[in-house]
file upload.cif (mmCIF, C-alpha atoms)
data_run
#
loop_
_atom_site.label_atom_id
_atom_site.label_comp_id
_atom_site.auth_asym_id
_atom_site.auth_seq_id
_atom_site.Cartn_x
_atom_site.Cartn_y
_atom_site.Cartn_z
CA MET A 163 26.89 64.83 95.96
CA ARG A 164 26.68 68.26 94.34
CA CYS A 165 27.20 69.85 97.73
CA ALA A 166 30.32 67.75 98.35
CA SER A 167 31.86 68.66 94.98
CA LEU A 168 31.07 72.34 95.60
CA THR A 169 32.85 72.13 98.97
CA LEU A 170 35.83 70.41 97.36
CA CYS A 171 35.89 73.03 94.63
CA TRP A 172 35.95 75.88 97.18
CA THR A 173 38.58 74.09 99.29
CA ILE A 174 40.87 73.82 96.26
CA LYS A 175 40.32 77.51 95.46
CA VAL A 176 41.10 78.57 99.04
CA LEU A 177 44.22 76.37 99.14
CA ALA A 178 45.37 77.85 95.83
CA ILE A 179 44.94 81.39 97.18
CA VAL A 180 46.81 80.49 100.39
CA PHE A 181 49.64 78.94 98.32
CA VAL A 182 49.94 82.00 96.06
CA LEU A 183 49.91 84.34 99.07
CA SER A 184 52.56 82.30 100.90
CA GLN A 185 54.81 82.37 97.81
CA PHE A 186 54.30 86.12 97.51
CA CYS A 187 55.14 86.68 101.18
CA SER A 188 58.26 84.51 101.12
CA GLY A 189 59.34 86.35 97.96
CA GLN A 190 58.96 89.62 99.86
CA ASP A 191 61.08 88.29 102.75
CA GLY A 192 63.74 87.16 100.29
CA SER A 193 63.96 90.57 98.68
CA LYS A 194 64.65 92.11 102.10
CA GLN A 195 67.87 90.07 102.30
CA VAL A 196 69.19 91.53 99.05
CA THR A 197 71.85 94.08 99.90
CA ARG A 198 72.52 97.13 97.80
CA PRO A 199 75.83 97.35 95.89
CA GLU A 200 77.12 100.23 98.01
CA GLN A 201 76.52 98.18 101.18
CA THR A 202 78.16 95.13 99.59
CA VAL A 203 81.29 97.09 98.67
CA LEU A 204 81.48 98.73 102.11
CA ARG A 205 81.21 95.33 103.80
CA GLN A 206 83.84 93.83 101.50
CA LEU A 207 86.28 96.66 102.24
CA HIS A 208 85.55 96.85 105.97
CA PRO A 209 84.60 93.42 107.36
CA GLU A 210 82.74 93.14 110.66
CA PRO A 211 85.00 92.44 113.68
CA VAL A 212 84.92 88.93 115.13
CA GLU A 213 86.00 87.65 118.56
CA GLY A 214 89.69 86.89 118.88
CA ASP A 215 92.96 87.86 120.49
CA PRO A 216 93.77 91.58 120.72
CA PRO A 217 96.81 93.04 118.92
CA LYS A 218 100.13 92.44 120.67
CA GLY A 219 100.68 94.76 123.63
CA PHE A 220 97.07 95.04 124.79
CA ARG A 221 96.40 93.92 128.35
CA LEU A 222 92.79 92.84 128.64
CA LEU A 223 91.50 93.27 132.20
CA ALA A 224 89.30 90.56 133.73
CA GLY A 225 85.95 90.20 131.99
CA TYR A 226 86.83 92.23 128.91
CA LYS A 227 86.41 90.72 125.45
CA HIS A 228 88.00 91.71 122.17
CA LYS A 229 86.60 91.73 118.65
CA GLY A 230 88.79 92.61 115.71
CA ALA A 231 89.18 92.63 111.95
CA LYS A 232 91.64 93.73 109.31
CA ASP A 233 90.28 96.07 106.64
CA PHE A 234 91.34 96.49 103.00
CA GLU A 235 94.10 98.95 103.99
CA GLY A 236 95.56 96.54 106.52
CA ASN A 237 94.21 98.61 109.42
CA GLN A 238 93.66 96.59 112.57
CA VAL A 239 90.17 97.61 113.67
CA GLY A 240 88.31 96.43 116.72
CA GLU A 241 86.63 96.95 120.03
CA ILE A 242 87.18 95.93 123.64
CA SER A 243 84.25 95.81 126.02
CA LYS A 244 82.44 94.19 128.93
CA ASN A 245 78.93 94.69 130.24
CA ASP A 246 79.76 96.98 133.16
CA GLY A 247 82.99 98.41 131.79
CA VAL A 248 84.35 100.84 129.28
CA LYS A 249 83.78 100.25 125.58
CA ILE A 250 86.93 101.02 123.58
CA LYS A 251 87.05 101.22 119.80
CA TYR A 252 90.40 101.36 118.04
CA GLU A 253 92.14 101.56 114.66
CA ILE A 254 95.82 100.96 113.99
CA GLY A 255 97.35 101.55 110.58
CA PHE A 256 99.74 103.29 108.20
CA SER A 257 97.23 106.00 107.18
CA GLN A 258 95.44 106.68 110.44
CA GLY A 259 96.68 110.12 111.37
CA PHE A 260 96.06 111.41 114.89
CA ALA A 261 92.52 111.47 116.25
CA VAL A 262 93.72 113.79 119.04
CA ASP A 263 94.56 117.12 117.44
CA PRO A 264 96.48 119.76 119.45
CA ASP A 265 94.86 122.46 117.31
CA GLN A 266 91.49 121.38 118.75
CA LYS A 267 92.49 121.77 122.42
CA ALA A 268 89.70 124.29 122.99
CA THR A 269 87.11 121.65 122.10
CA TYR A 270 88.38 119.15 124.70
CA LEU A 271 87.70 119.01 128.45
CA TRP A 272 91.40 118.27 128.88
CA TYR A 273 94.42 117.50 126.71
CA ARG A 274 97.79 115.94 127.54
CA GLU A 275 100.74 114.67 125.58
CA GLN A 276 103.87 112.75 126.47
CA LYS A 277 106.72 110.96 124.76
CA ILE A 278 106.83 107.21 125.15
CA ASN A 279 109.82 105.41 123.67
CA GLY A 280 110.69 108.64 121.87
CA ARG A 281 107.34 108.86 120.12
CA ILE A 282 104.47 111.17 120.88
CA THR A 283 101.28 109.97 122.58
CA ARG A 284 98.33 112.34 122.90
CA TYR A 285 95.34 112.12 125.22
CA ALA A 286 92.13 114.15 125.21
CA LEU A 287 88.70 113.91 126.80
CA SER A 288 86.01 115.30 124.52
CA LYS A 289 83.00 117.20 125.77
CA LYS A 290 80.94 114.12 124.93
CA ASN A 291 83.08 112.14 127.41
CA ILE A 292 85.00 110.21 124.80
CA LEU A 293 88.58 109.58 125.95
CA MET A 294 90.82 109.54 122.89
CA ILE A 295 94.39 108.26 122.88
CA SER A 296 96.57 108.65 119.78
CA ILE A 297 99.91 106.85 119.68
CA ALA A 298 102.51 107.59 116.98
CA LEU A 299 103.94 104.45 115.37
CA ASP A 300 106.60 106.25 113.34
CA ASP A 301 109.45 108.55 114.33
CA SER A 302 108.54 111.17 111.73
CA PRO A 303 106.08 113.77 113.07
CA SER A 304 104.47 114.08 109.63
CA SER A 305 103.72 110.35 109.33
CA LEU A 306 100.11 109.16 109.45
CA HIS A 307 101.16 105.80 110.93
CA ALA A 308 99.36 105.74 114.27
CA ALA A 309 97.02 103.94 116.63
CA ASN A 310 93.82 105.62 117.80
CA PHE A 311 91.65 104.54 120.73
CA TYR A 312 88.23 105.90 121.63
CA GLY A 313 86.58 105.04 124.96
CA GLU A 314 83.08 105.94 126.14
CA ILE A 315 83.64 107.24 129.66
CA ARG A 316 80.62 106.86 131.94
CA ARG A 317 82.40 106.77 135.32
CA PRO A 318 85.93 107.45 136.65
CA ASP A 319 86.79 103.72 136.69
CA ASP A 320 86.40 103.67 132.91
CA ILE A 321 89.39 105.99 132.51
CA ALA A 322 91.51 103.76 134.76
CA ASP A 323 90.49 100.61 132.86
CA MET A 324 91.20 102.20 129.49
CA LEU A 325 94.66 103.47 130.48
CA LEU A 326 95.59 100.12 132.03
CA MET A 327 94.66 98.25 128.86
CA VAL A 328 95.90 100.69 126.20
CA LEU A 329 99.17 102.06 127.63
CA PRO A 330 101.03 98.72 127.57
CA PHE A 331 100.50 98.87 123.78
CA ALA A 332 102.27 102.24 123.69
CA TYR A 333 105.18 100.93 125.75
CA ASN A 334 105.45 97.72 123.71
CA MET B 248 95.29 99.70 87.98
CA ASN B 249 94.94 102.06 85.00
CA ASP B 250 91.26 101.13 84.52
CA SER B 251 90.41 101.85 88.15
CA ILE B 252 92.14 105.25 88.06
CA LYS B 253 90.31 105.99 84.80
CA LEU B 254 86.93 105.05 86.35
CA ALA B 255 87.71 107.10 89.47
CA LYS B 256 88.55 110.09 87.26
CA GLU B 257 85.25 109.70 85.39
CA MET B 258 83.26 109.41 88.61
CA THR B 259 84.85 112.51 90.12
CA ASP B 260 84.75 114.63 86.95
CA PRO B 261 83.93 118.09 88.39
CA GLN B 262 82.03 119.11 85.23
CA LYS B 263 79.73 116.08 85.24
CA HIS B 264 79.65 114.78 88.81
CA LYS B 265 80.16 117.68 91.18
CA GLU B 266 78.60 115.82 94.10
CA CYS B 267 81.20 113.04 93.94
CA ASP B 268 84.05 115.48 93.31
CA GLU B 269 83.05 117.44 96.43
CA ALA B 270 82.21 114.41 98.60
CA LEU B 271 84.81 115.42 101.22
CA LYS B 272 84.50 119.20 100.96
CA ALA B 273 83.35 119.44 104.59
CA PHE B 274 86.68 117.90 105.63
CA GLY B 275 88.89 120.39 103.80
CA ILE B 276 89.17 118.46 100.53
CA PRO B 277 87.58 120.65 97.86
CA SER B 278 88.11 118.23 94.96
CA LEU B 279 88.48 114.44 94.90
CA SER B 280 89.20 114.75 91.20
CA ALA B 281 92.33 116.78 91.94
CA LEU B 282 93.54 114.05 94.30
CA ILE B 283 92.88 111.26 91.80
CA ASN B 284 94.82 113.21 89.16
CA GLY B 285 97.81 112.95 91.49
CA MET B 286 97.73 109.13 91.46
CA THR B 287 100.21 108.00 88.81
CA PRO B 288 100.86 104.31 88.12
CA ASN B 289 104.50 103.31 88.55
CA ALA B 290 105.36 106.74 89.92
CA ASN B 291 103.51 106.86 93.24
CA VAL B 292 101.17 103.86 92.82
CA PHE B 293 102.69 100.39 92.45
CA ASP B 294 101.69 96.76 92.33
CA GLY B 295 103.04 95.61 95.71
CA ARG B 296 102.92 91.88 94.92
CA PRO B 297 106.28 91.62 93.15
CA SER B 298 107.94 94.47 95.09
CA THR B 299 111.24 93.74 96.82
CA LEU B 300 111.13 97.02 98.78
CA THR B 301 111.81 96.12 102.41
CA GLY B 302 110.80 97.94 105.57
CA PRO B 303 109.29 97.63 109.06
CA ILE B 304 105.85 96.62 107.78
CA GLY B 305 105.38 93.12 109.20
CA GLY B 306 103.61 92.11 112.40
CA ASN B 307 104.81 94.26 115.32
CA GLY B 308 107.08 96.22 113.02
CA ALA B 309 109.11 93.26 111.76
CA THR B 310 111.17 93.99 108.66
CA GLU B 311 109.91 92.31 105.52
CA SER B 312 109.38 92.93 101.81
CA MET B 313 106.22 94.34 100.25
CA ALA B 314 105.77 91.07 98.38
CA ALA B 315 105.88 89.11 101.66
CA TYR B 316 103.52 91.59 103.36
CA PHE B 317 100.90 91.30 100.63
CA LYS B 318 101.30 87.53 100.49
CA GLU B 319 100.67 87.28 104.24
CA ASN B 320 97.60 89.49 103.88
CA LYS B 321 96.40 88.04 100.59
CA THR B 322 92.74 87.77 101.58
CA ALA B 323 92.46 91.12 103.36
CA VAL B 324 94.73 93.91 102.17
CA GLY B 325 94.05 95.57 98.82
CA ALA B 326 96.02 98.77 99.18
CA ALA B 327 98.04 100.79 101.61
CA VAL B 328 99.95 104.04 101.59
CA PHE B 329 103.36 103.48 103.12
CA PRO B 330 105.20 106.38 104.74
CA ASN B 331 108.63 107.78 103.95
CA SER B 332 110.19 105.72 106.77
CA VAL B 333 109.33 102.62 104.71
CA THR B 334 109.75 103.86 101.15
CA GLY B 335 112.56 106.40 101.56
CA ARG B 336 110.90 108.54 98.88
CA GLY B 337 107.79 109.94 100.51
CA SER B 338 104.35 108.35 100.70
CA VAL B 339 103.73 105.64 98.11
CA THR B 340 100.63 103.55 97.46
CA PHE B 341 101.08 99.80 97.00
CA LEU B 342 98.31 97.55 95.76
CA GLY B 343 97.84 93.96 96.89
CA ASP B 344 95.96 90.81 96.03
CA TYR B 345 92.68 91.98 97.50
CA PHE B 346 92.70 94.81 94.96
CA PHE B 347 93.45 92.60 91.95
CA ASN B 348 91.74 89.36 93.01
CA PRO B 349 89.20 89.99 95.80
CA ALA B 350 87.35 87.06 97.33
CA SER B 351 84.11 88.36 95.88
CA MET B 352 83.99 89.86 92.40
CA ASP B 353 80.73 91.66 93.18
CA TRP B 354 80.98 95.23 91.96
CA VAL B 355 84.74 94.84 91.60
CA ALA B 356 85.29 97.79 89.21
CA PHE B 357 83.38 100.08 91.58
CA GLN B 358 85.29 98.66 94.54
CA ARG B 359 88.66 99.32 92.87
CA ALA B 360 87.68 102.89 92.02
CA ILE B 361 86.61 103.49 95.63
CA ILE B 362 89.94 102.08 96.85
CA MET B 363 91.80 104.49 94.55
CA MET B 364 89.76 107.46 95.78
CA HIS B 365 90.26 106.42 99.41
CA GLU B 366 94.02 106.01 99.00
CA SER B 367 94.31 109.31 97.11
CA VAL B 368 93.01 111.05 100.24
CA HIS B 369 96.04 109.69 102.15
CA GLN B 370 98.60 109.67 99.36
CA VAL B 371 97.91 113.03 97.69
CA GLY B 372 95.70 114.79 100.24
CA GLY B 373 97.89 113.84 103.20
CA LYS B 374 94.79 113.30 105.39
CA GLY B 375 94.45 110.36 107.78
CA ASP B 376 91.45 108.14 108.44
CA ALA B 377 90.97 109.61 111.92
CA LEU B 378 89.90 112.95 110.44
CA PHE B 379 86.78 111.23 109.10
CA GLY B 380 86.07 109.23 112.28
CA SER B 381 87.51 105.98 110.92
CA SER B 382 88.67 104.33 107.72
CA LYS B 383 85.17 102.91 107.27
CA GLN B 384 83.57 106.32 107.65
CA LEU B 385 85.87 107.73 104.97
CA SER B 386 84.82 104.94 102.59
CA GLU B 387 81.16 105.52 103.50
CA LYS B 388 81.39 109.23 102.69
CA ILE B 389 82.94 108.55 99.29
CA ILE B 390 80.52 105.74 98.45
CA GLU B 391 77.49 107.76 99.54
CA LYS B 392 78.25 110.58 97.10
CA CYS B 393 79.90 108.63 94.30
CA TYR B 394 77.78 105.48 93.99
CA PRO B 395 74.87 107.40 92.41
CA VAL B 396 77.24 108.34 89.56
CA LEU B 397 77.95 104.70 88.83
CA LYS B 398 74.28 103.83 89.19
CA GLY B 399 73.54 106.45 86.53
CA ARG B 400 76.21 105.00 84.22
CA LEU B 401 74.62 101.58 84.53
CA GLY B 402 71.16 102.91 83.77
CA GLY B 403 69.88 102.34 87.28
CA VAL B 404 70.93 98.71 87.59
CA GLY B 405 71.58 97.70 91.14
#

call {"tool": "encode", "arguments": {"input": "upload.cif", "output": "structure tokens"}}
result
Amino acid sequence: MRCASLTLCWTIKVLAIVFVLSQFCSGQDGSKQVTRPEQTVLRQLHPEPVEGDPPKGFRLLAGYKHKGAKDFEGNQVGEISKNDGVKIKYEIGFSQGFAVDPDQKATYLWYREQKINGRITRYALSKKNILMISIALDDSPSSLHAANFYGEIRRPDDIADMLLMVLPFAYN
Amino acid sequence: MNDSIKLAKEMTDPQKHKECDEALKAFGIPSLSALINGMTPNANVFDGRPSTLTGPIGGNGATESMAAYFKENKTAVGAAVFPNSVTGRGSVTFLGDYFFNPASMDWVAFQRAIIMMHESVHQVGGKGDALFGSSKQLSEKIIEKCYPVLKGRLGGVG
């Protein structure tokens, strides 16, 4: 009888310890989910892109998917990608400015510019193989209203895919 | 609007918070404080919600009023600097619903001050988001250097 009560007593103690430990551990997991204020504000101002239709003018090639979002400035921000294709990130907005800078020509592998519909479009391939395309969305050369596209180029086909998808936007 | 400019001025005070004031020094902006001092309510910063100013600001460049633009983008757009082609009087900052009544009120005073600092870079500094990599990266750089100031003000809360 004494032995049985001793066993019961120890069982209760062990169960109590397990319960306390489990509460402690779950409390630890919960604290990991708490985000810091600076992260909260950043996320509120710049929401994560979600799958949806691309901005008007884009021509998605077969297999490519688009994710986009609108940030607190009204910038259209997103990315276009597929598993074996080029990954393009973009931002379109009133305060973008030009990602491709003619003053930085020396830092690019190549640089080109042309006028499309009377507005300037600039192209440059960086030494890290990022193809950048900047399209003016305002007639004034001093305006920051522009669209910028950044593609990770891993093979020649990537350049073709990027131009085929982005340029219709410039001509739109 | 006035409170957020006031908080932004306090956070970027070059005498007390040099780190925040010089958050964008590496990008050719020696003082954020100087930019914030150039943001003047009802001179170059306006509440866009009642504004009847009209320009090519709608989807695909459609002409519409500021009020209509901010109504359409009520849950997303808090502020934007519109160019001379829209305003006819140089760059002007307009504030929208997401500035005044964001979906989440978490850290709203801090958020509004960050918006003011971010827009001052475009409005007064004349620099675009692309210079910093993206709009998000510009916000990140400001928040990284200026949040500690606010944390100090709140005695480490957060």

call {"tool": "resolve_selection", "arguments": {"input": "upload.cif", "expression": "the PyMOL selection byres ((chain A and resi 261) around 10)", "output": "number ranges by chain"}}
result
A: 258-260, 262-264, 284-286, 294-297, 308-312; B: 375-381

call {"tool": "closest_residue", "arguments": {"input": "upload.cif", "among": "B:Leu282, B:Met248, B:Val333, B:Ala290", "to": "chain A", "atoms": "all atoms listed in the file"}}
result
B:Val333

call {"tool": "residues_near_point", "arguments": {"input": "upload.cif", "point": "(115.3, 98.3, 103.1)", "cutoff": "10 Å", "atoms": "all atoms listed in the file", "output": "tab-separated table (two decimals) with C-alpha atoms, in the coordinates of the input"}}
result
chain	number	residue	atom	x	y	z
B	299	THR	CA	111.24	93.74	96.82
B	300	LEU	CA	111.13	97.02	98.78
B	301	THR	CA	111.81	96.12	102.41
B	302	GLY	CA	110.80	97.94	105.57
B	303	PRO	CA	109.29	97.63	109.06
B	310	THR	CA	111.17	93.99	108.66
B	311	GLU	CA	109.91	92.31	105.52
B	312	SER	CA	109.38	92.93	101.81
B	332	SER	CA	110.19	105.72	106.77
B	333	VAL	CA	109.33	102.62	104.71
B	334	THR	CA	109.75	103.86	101.15
B	335	GLY	CA	112.56	106.40	101.56

call {"tool": "closest_residue", "arguments": {"input": "upload.cif", "among": "A:Ile278, A:Tyr333, A:Thr269, A:Asp323", "to": "Ala224 in chain A", "atoms": "all atoms listed in the file"}}
result
A:Asp323

call {"tool": "resolve_selection", "arguments": {"input": "upload.cif", "expression": "the PyMOL selection byres ((chain B and resi 268) around 10)", "output": "list in words"}}
result
Ala255, Lys256, Glu257, Met258, Thr259, Asp260, Pro261, Gln262, Lys263, His264, Lys265, Glu266, Cys267, Glu269, Ala270, Leu271, Lys272, Ile276, Pro277, Ser278, Leu279, Ser280, Ala281, Leu282, Ile283, Ile389, Lys392 and Cys393 of chain B

call {"tool": "interface_residues", "arguments": {"input": "upload.cif", "of": "chain B", "to": "chain A", "cutoff": "7 Å", "atoms": "all atoms listed in the file", "output": "ChimeraX atom specification"}}
result
/B:323-330,354,358,369,375-378,383,387,390,394,405

call {"tool": "atom_distance", "arguments": {"input": "upload.cif", "atom1": "CA of Met327 in chain A", "atom2": "CA of Leu223 in chain A"}}
result
6.8 Å

call {"tool": "residues_near_point", "arguments": {"input": "upload.cif", "point": "(100.8, 92.2, 101.3)", "cutoff": "8 Å", "atoms": "only C-alpha atoms", "output": "ChimeraX atom specification"}}
result
/B:295-296,313-321,324-325,343-344

call {"tool": "decode", "arguments": {"input": "upload.cif", "residues": "range 350-377 of chain B", "atoms": "C-alpha atoms", "output": "mmCIF file, in the first residue's frame"}}
result
data_model
loop_
_atom_site.group_PDB
_atom_site.id
_atom_site.type_symbol
_atom_site.label_atom_id
_atom_site.label_comp_id
_atom_site.auth_asym_id
_atom_site.auth_seq_id
_atom_site.Cartn_x
_atom_site.Cartn_y
_atom_site.Cartn_z
ATOM 1 C CA ALA B 350 -5.496 49.590 -40.760
ATOM 2 C CA SER B 351 -3.292 48.890 -37.775
ATOM 3 C CA MET B 352 -2.648 51.549 -35.145
ATOM 4 C CA ASP B 353 0.482 49.735 -33.938
ATOM 5 C CA TRP B 354 3.263 52.256 -33.532
ATOM 6 C CA VAL B 355 1.270 54.792 -35.527
ATOM 7 C CA ALA B 356 3.143 57.914 -34.322
ATOM 8 C CA PHE B 357 6.464 56.298 -35.241
ATOM 9 C CA GLN B 358 5.026 55.169 -38.573
ATOM 10 C CA ARG B 359 3.844 58.696 -39.417
ATOM 11 C CA ALA B 360 7.232 60.180 -38.537
ATOM 12 C CA ILE B 361 8.964 57.609 -40.758
ATOM 13 C CA ILE B 362 6.571 58.456 -43.615
ATOM 14 C CA MET B 363 7.436 62.156 -43.224
ATOM 15 C CA MET B 364 11.178 61.433 -43.248
ATOM 16 C CA HIS B 365 10.809 59.150 -46.286
ATOM 17 C CA GLU B 366 8.780 61.708 -48.238
ATOM 18 C CA SER B 367 11.171 64.519 -47.297
ATOM 19 C CA VAL B 368 13.915 62.603 -49.126
ATOM 20 C CA HIS B 369 11.839 62.871 -52.331
ATOM 21 C CA GLN B 370 10.163 66.215 -51.731
ATOM 22 C CA VAL B 371 13.062 68.276 -50.372
ATOM 23 C CA GLY B 372 16.084 66.109 -51.191
ATOM 24 C CA GLY B 373 14.944 65.377 -54.742
ATOM 25 C CA LYS B 374 16.221 61.780 -54.482
ATOM 26 C CA GLY B 375 14.280 58.797 -55.819
ATOM 27 C CA ASP B 376 13.714 55.396 -54.235
ATOM 28 C CA ALA B 377 15.944 53.697 -56.820
#
